[in-house]
file coords_34.cif (mmCIF, C-alpha atoms)
data_entry
#
loop_
_atom_site.group_PDB
_atom_site.id
_atom_site.type_symbol
_atom_site.label_atom_id
_atom_site.label_comp_id
_atom_site.auth_asym_id
_atom_site.auth_seq_id
_atom_site.Cartn_x
_atom_site.Cartn_y
_atom_site.Cartn_z
ATOM 1 C CA MET A 1 74.966 18.527 -75.387
ATOM 2 C CA ASN A 2 71.292 19.293 -75.983
ATOM 3 C CA ARG A 3 68.694 17.859 -73.649
ATOM 4 C CA ILE A 4 66.838 14.680 -74.598
ATOM 5 C CA GLN A 5 63.188 14.714 -73.542
ATOM 6 C CA ARG A 6 61.447 11.368 -73.074
ATOM 7 C CA ILE A 7 57.660 11.309 -72.784
ATOM 8 C CA ASP A 8 55.496 8.515 -71.396
ATOM 9 C CA SER A 9 58.411 6.158 -70.750
ATOM 10 C CA ASN A 10 58.374 2.634 -69.371
ATOM 11 C CA PRO A 11 61.077 -0.073 -69.140
ATOM 12 C CA ARG A 12 60.631 -0.968 -72.847
ATOM 13 C CA LEU A 13 60.098 2.351 -74.647
ATOM 14 C CA SER A 14 59.250 6.021 -74.623
ATOM 15 C CA ARG A 15 56.108 7.084 -76.456
ATOM 16 C CA VAL A 16 57.989 10.153 -77.772
ATOM 17 C CA VAL A 17 61.637 11.207 -77.724
ATOM 18 C CA VAL A 18 62.511 14.829 -78.562
ATOM 19 C CA HIS A 19 66.043 16.019 -79.334
ATOM 20 C CA ASN A 20 67.434 18.921 -81.351
ATOM 21 C CA GLY A 21 64.011 20.023 -82.577
ATOM 22 C CA VAL A 22 62.969 16.582 -83.818
ATOM 23 C CA ALA A 23 60.355 14.264 -82.261
ATOM 24 C CA TRP A 24 60.441 10.512 -82.793
ATOM 25 C CA LEU A 25 57.171 8.757 -81.965
ATOM 26 C CA SER A 26 56.965 5.063 -81.240
ATOM 27 C CA GLY A 27 54.311 2.918 -82.894
ATOM 28 C CA ILE A 28 50.711 4.057 -82.471
ATOM 29 C CA VAL A 29 47.820 1.609 -82.760
ATOM 30 C CA ALA A 30 44.087 2.106 -82.305
ATOM 31 C CA ALA A 31 42.649 1.938 -78.788
ATOM 32 C CA ASP A 32 39.577 0.094 -80.122
ATOM 33 C CA CYS A 33 40.821 -2.586 -82.494
ATOM 34 C CA SER A 34 37.326 -3.943 -83.085
ATOM 35 C CA GLN A 35 36.840 -1.189 -85.684
ATOM 36 C CA ASP A 36 37.571 -1.597 -89.383
ATOM 37 C CA ILE A 37 40.599 -0.022 -91.080
ATOM 38 C CA ARG A 38 38.849 3.341 -91.493
ATOM 39 C CA GLY A 39 37.996 3.496 -87.801
ATOM 40 C CA GLN A 40 41.439 2.343 -86.706
ATOM 41 C CA THR A 41 43.122 4.854 -89.027
ATOM 42 C CA ARG A 42 41.006 7.711 -87.646
ATOM 43 C CA GLN A 43 41.881 6.677 -84.068
ATOM 44 C CA VAL A 44 45.599 6.464 -84.823
ATOM 45 C CA LEU A 45 45.625 9.865 -86.546
ATOM 46 C CA GLN A 46 43.725 11.426 -83.631
ATOM 47 C CA ARG A 47 46.236 9.993 -81.122
ATOM 48 C CA LEU A 48 49.101 11.188 -83.328
ATOM 49 C CA GLU A 49 47.631 14.678 -83.336
ATOM 50 C CA GLU A 50 47.399 14.644 -79.517
ATOM 51 C CA LEU A 51 51.023 13.537 -79.132
ATOM 52 C CA LEU A 52 52.272 16.116 -81.630
ATOM 53 C CA THR A 53 50.408 18.860 -79.768
ATOM 54 C CA GLU A 54 51.981 17.693 -76.500
ATOM 55 C CA VAL A 55 55.481 18.318 -77.894
ATOM 56 C CA GLY A 56 54.606 21.612 -79.616
ATOM 57 C CA SER A 57 54.256 20.302 -83.150
ATOM 58 C CA ASP A 58 51.466 19.357 -85.552
ATOM 59 C CA LYS A 59 50.768 17.217 -88.615
ATOM 60 C CA SER A 60 52.126 19.882 -90.986
ATOM 61 C CA HIS A 61 55.554 19.264 -89.397
ATOM 62 C CA LEU A 62 55.685 15.507 -90.062
ATOM 63 C CA LEU A 63 58.945 14.562 -91.742
ATOM 64 C CA SER A 64 58.485 10.839 -92.270
ATOM 65 C CA ALA A 65 55.970 8.087 -91.625
ATOM 66 C CA GLN A 66 56.166 4.316 -91.529
ATOM 67 C CA ILE A 67 52.799 2.619 -91.900
ATOM 68 C CA TRP A 68 52.573 -1.034 -90.979
ATOM 69 C CA MET A 69 49.427 -2.837 -92.075
ATOM 70 C CA LYS A 70 47.955 -6.277 -91.457
ATOM 71 C CA ASP A 71 46.277 -6.563 -94.886
ATOM 72 C CA MET A 72 47.572 -4.215 -97.572
ATOM 73 C CA LEU A 73 45.536 -5.888 -100.286
ATOM 74 C CA GLY A 74 42.260 -5.505 -98.416
ATOM 75 C CA ASP A 75 42.862 -2.263 -96.468
ATOM 76 C CA PHE A 76 45.332 -0.109 -98.411
ATOM 77 C CA SER A 77 42.793 1.979 -100.345
ATOM 78 C CA ALA A 78 40.558 2.668 -97.338
ATOM 79 C CA MET A 79 43.553 3.580 -95.158
ATOM 80 C CA ASN A 80 44.882 5.922 -97.856
ATOM 81 C CA GLU A 81 41.455 7.559 -98.103
ATOM 82 C CA GLN A 82 41.592 8.509 -94.398
ATOM 83 C CA TRP A 83 45.297 9.412 -94.542
ATOM 84 C CA SER A 84 44.947 11.719 -97.553
ATOM 85 C CA ALA A 85 41.865 13.478 -96.141
ATOM 86 C CA TRP A 86 43.747 14.208 -92.903
ATOM 87 C CA PHE A 87 46.472 16.309 -94.569
ATOM 88 C CA ALA A 88 46.300 19.747 -96.144
ATOM 89 C CA PRO A 89 47.556 19.762 -99.767
ATOM 90 C CA GLY A 90 51.339 19.827 -99.959
ATOM 91 C CA GLU A 91 51.944 18.809 -96.320
ATOM 92 C CA THR A 92 52.388 15.040 -96.632
ATOM 93 C CA PRO A 93 55.596 13.506 -95.193
ATOM 94 C CA ALA A 94 57.978 11.027 -96.761
ATOM 95 C CA ARG A 95 56.326 7.635 -96.279
ATOM 96 C CA ALA A 96 56.808 3.890 -96.479
ATOM 97 C CA THR A 97 54.119 1.232 -96.051
ATOM 98 C CA ALA A 98 54.614 -2.471 -95.379
ATOM 99 C CA GLN A 99 52.515 -5.498 -94.529
ATOM 100 C CA VAL A 100 53.342 -7.149 -91.201
ATOM 101 C CA THR A 101 52.048 -9.710 -88.731
ATOM 102 C CA PHE A 102 50.975 -8.173 -85.421
ATOM 103 C CA ASP A 103 50.954 -9.950 -82.059
ATOM 104 C CA ASP A 104 47.251 -9.001 -81.713
ATOM 105 C CA ALA A 105 45.149 -10.282 -84.624
ATOM 106 C CA ASP A 106 42.721 -7.337 -84.315
ATOM 107 C CA ILE A 107 45.353 -4.665 -84.982
ATOM 108 C CA ARG A 108 45.094 -3.578 -88.621
ATOM 109 C CA LEU A 109 47.484 -0.606 -88.562
ATOM 110 C CA GLU A 110 50.486 0.776 -86.711
ATOM 111 C CA LEU A 111 51.988 4.189 -87.439
ATOM 112 C CA ILE A 112 55.490 5.435 -86.603
ATOM 113 C CA VAL A 113 56.441 9.040 -87.379
ATOM 114 C CA THR A 114 59.194 11.614 -87.064
ATOM 115 C CA ALA A 115 58.281 15.303 -86.835
ATOM 116 C CA ALA A 116 59.963 18.690 -86.598
ATOM 117 C CA VAL A 117 59.203 20.523 -83.353
#
call {"tool": "encode", "arguments": {"input": "coords_34.cif", "output": "structure tokens"}}
result
Amino acid sequence: MNRIQRIDSNPRLSRVVVHNGVAWLSGIVAADCSQDIRGQTRQVLQRLEELLTEVGSDKSHLLSAQIWMKDMLGDFSAMNEQWSAWFAPGETPARATAQVTFDDADIRLELIVTAAV
């Protein structure tokens, strides 16, 4: 059986799990949730980039993304603006976006991705 690598684990979760050349990342939220959706999106994408680099991957290897948002009506366009600018043409993953209620009212965005390594 191939090795399972767990990164930044605690009793509830691992930040990243890598197996068979695929990395699953748990939900990423902004470190500074006082920022607007543009700021939070930039923070989340920066953290995602750091985690992908740690496992030997990058944003061009994203396979799928789940985007959870607090206010799709108010924030969807601005989030998409940051998201689209972050990718090179033709490198966007499969994606789903949903509106959710977070346990912290200041969180506007959470991102979960799967990437090839």
call {"tool": "atom_distance", "arguments": {"input": "coords_34.cif", "atom1": "atom CA of A:Ile4", "atom2": "atom CA of A:Ile28"}}
result
20.9 Å
call {"tool": "resolve_selection", "arguments": {"input": "coords_34.cif", "expression": "the PyMOL selection byres ((chain A and resi 107) around 8)", "output": "list in words"}}
result
Val29, Ala30, Cys33, Lys70, Phe102, Asp104, Ala105, Asp106, Arg108, Leu109 and Glu110 of chain A
call {"tool": "resolve_selection", "arguments": {"input": "coords_34.cif", "expression": "the PyMOL selection byres ((chain A and resi 59-65) around 7)", "output": "list in words"}}
result
Glu49, Ser57, Asp58, Gln66, Ile67, Glu91, Pro93, Ala94, Arg95, Ala96, Leu111, Ile112, Val113, Thr114, Ala115 and Ala116 of chain A
call {"tool": "resolve_selection", "arguments": {"input": "coords_34.cif", "expression": "the PyMOL selection byres ((chain A and resi 98) around 7)", "output": "MDAnalysis selection string"}}
result
chainID A and resid 67:69 96:97 99:100
call {"tool": "closest_residue", "arguments": {"input": "coords_34.cif", "among": "A:Val117, A:Phe87, A:Asp103, A:Met79", "to": "A:Gly39", "atoms": "all atoms listed in the file"}}
result
A:Met79
call {"tool": "atom_distance", "arguments": {"input": "coords_34.cif", "atom1": "atom CA of A:Val22", "atom2": "atom CA of A:Arg38"}}
result
28.6 Å
call {"tool": "residues_around", "arguments": {"input": "coords_34.cif", "residues": "stretch 7-15 of chain A", "least_positions_apart": "5", "cutoff": "9 Å", "atoms": "only C-alpha atoms", "output": "list in words"}}
result
Trp24, Leu25, Ser26, Gly27, Ile28, Leu51 and Val55 of chain A
call {"tool": "atom_distance", "arguments": {"input": "coords_34.cif", "atom1": "atom CA of A:Gln5", "atom2": "atom CA of A:Val17"}}
result
5.7 Å
call {"tool": "closest_residue", "arguments": {"input": "coords_34.cif", "among": "A:Asp32, A:Gly21, A:Leu45, A:Ile37", "to": "A:Ala85", "atoms": "only C-alpha atoms"}}
result
A:Leu45
call {"tool": "closest_residue", "arguments": {"input": "coords_34.cif", "among": "A:Ala31, A:Met72, A:Ser84, A:Ser77", "to": "A:Gln46", "atoms": "only C-alpha atoms"}}
result
A:Ala31
call {"tool": "axis_aligned_box", "arguments": {"input": "coords_34.cif", "around": "stretch 6-15 of chain A", "padding_each_side": "4 Å", "output": "AutoDock Vina command-line options"}}
result
--center_x 58.5 --center_y 5.2 --center_z -72.8 --size_x 14.0 --size_y 20.3 --size_z 15.3
call {"tool": "build_atoms", "arguments": {"input": "coords_34.cif", "residues": "stretch 30-41 of chain A", "atoms": "all heavy atoms", "output": "short mmCIF file (atom, residue, chain, number, x, y, z; two decimals), in the coordinates of the input"}}
result
data_model
loop_
_atom_site.label_atom_id
_atom_site.label_comp_id
_atom_site.auth_asym_id
_atom_site.auth_seq_id
_atom_site.Cartn_x
_atom_site.Cartn_y
_atom_site.Cartn_z
N ALA A 30 45.41 1.69 -82.76
CA ALA A 30 44.09 2.11 -82.30
C ALA A 30 43.81 1.59 -80.90
O ALA A 30 44.24 0.49 -80.53
CB ALA A 30 43.02 1.59 -83.27
N ALA A 31 43.08 2.37 -80.13
CA ALA A 31 42.65 1.94 -78.79
C ALA A 31 41.54 0.90 -78.89
O ALA A 31 41.46 -0.03 -78.09
CB ALA A 31 42.17 3.13 -77.97
N ASP A 32 40.69 1.03 -79.89
CA ASP A 32 39.58 0.09 -80.12
C ASP A 32 39.82 -0.65 -81.43
O ASP A 32 39.47 -0.19 -82.50
CB ASP A 32 38.25 0.85 -80.19
CG ASP A 32 37.07 -0.06 -80.48
OD1 ASP A 32 37.25 -1.30 -80.56
OD2 ASP A 32 35.95 0.47 -80.65
N CYS A 33 40.44 -1.81 -81.30
CA CYS A 33 40.82 -2.59 -82.49
C CYS A 33 39.67 -3.41 -83.06
O CYS A 33 39.87 -4.16 -84.01
CB CYS A 33 42.02 -3.47 -82.18
SG CYS A 33 43.51 -2.51 -81.90
N SER A 34 38.48 -3.26 -82.51
CA SER A 34 37.33 -3.94 -83.08
C SER A 34 36.81 -3.20 -84.32
O SER A 34 36.02 -3.74 -85.09
CB SER A 34 36.20 -4.07 -82.06
OG SER A 34 35.65 -2.80 -81.75
N GLN A 35 37.28 -1.97 -84.53
CA GLN A 35 36.84 -1.19 -85.68
C GLN A 35 37.56 -1.63 -86.95
O GLN A 35 38.63 -2.24 -86.91
CB GLN A 35 37.08 0.30 -85.43
CG GLN A 35 36.21 0.84 -84.31
CD GLN A 35 36.33 2.35 -84.19
OE1 GLN A 35 36.81 3.04 -85.08
NE2 GLN A 35 35.86 2.87 -83.06
N ASP A 36 36.96 -1.28 -88.10
CA ASP A 36 37.57 -1.60 -89.38
C ASP A 36 38.77 -0.67 -89.63
O ASP A 36 39.12 0.15 -88.79
CB ASP A 36 36.54 -1.51 -90.52
CG ASP A 36 36.02 -0.10 -90.76
OD1 ASP A 36 36.53 0.88 -90.17
OD2 ASP A 36 35.09 0.04 -91.58
N ILE A 37 39.38 -0.79 -90.79
CA ILE A 37 40.60 -0.02 -91.08
C ILE A 37 40.33 1.48 -91.07
O ILE A 37 41.16 2.26 -90.62
CB ILE A 37 41.26 -0.47 -92.41
CG1 ILE A 37 42.65 0.18 -92.57
CG2 ILE A 37 40.38 -0.15 -93.60
CD1 ILE A 37 43.66 -0.19 -91.51
N ARG A 38 39.16 1.90 -91.53
CA ARG A 38 38.85 3.34 -91.49
C ARG A 38 38.80 3.85 -90.05
O ARG A 38 39.38 4.88 -89.72
CB ARG A 38 37.53 3.62 -92.21
CG ARG A 38 37.63 3.57 -93.71
CD ARG A 38 36.26 3.82 -94.37
NE ARG A 38 36.36 3.80 -95.81
CZ ARG A 38 36.30 2.70 -96.56
NH1 ARG A 38 36.11 1.53 -95.98
NH2 ARG A 38 36.41 2.77 -97.86
N GLY A 39 38.10 3.11 -89.20
CA GLY A 39 38.00 3.50 -87.80
C GLY A 39 39.34 3.47 -87.09
O GLY A 39 39.67 4.37 -86.32
N GLN A 40 40.12 2.43 -87.34
CA GLN A 40 41.44 2.34 -86.71
C GLN A 40 42.35 3.46 -87.21
O GLN A 40 43.10 4.06 -86.43
CB GLN A 40 42.07 0.97 -86.94
CG GLN A 40 41.40 -0.11 -86.11
CD GLN A 40 42.20 -1.40 -86.06
OE1 GLN A 40 43.43 -1.40 -86.09
NE2 GLN A 40 41.50 -2.53 -85.96
N THR A 41 42.29 3.77 -88.49
CA THR A 41 43.12 4.85 -89.03
C THR A 41 42.74 6.18 -88.40
O THR A 41 43.61 6.96 -87.98
CB THR A 41 43.00 4.93 -90.56
OG1 THR A 41 43.39 3.67 -91.14
CG2 THR A 41 43.90 6.02 -91.13
#
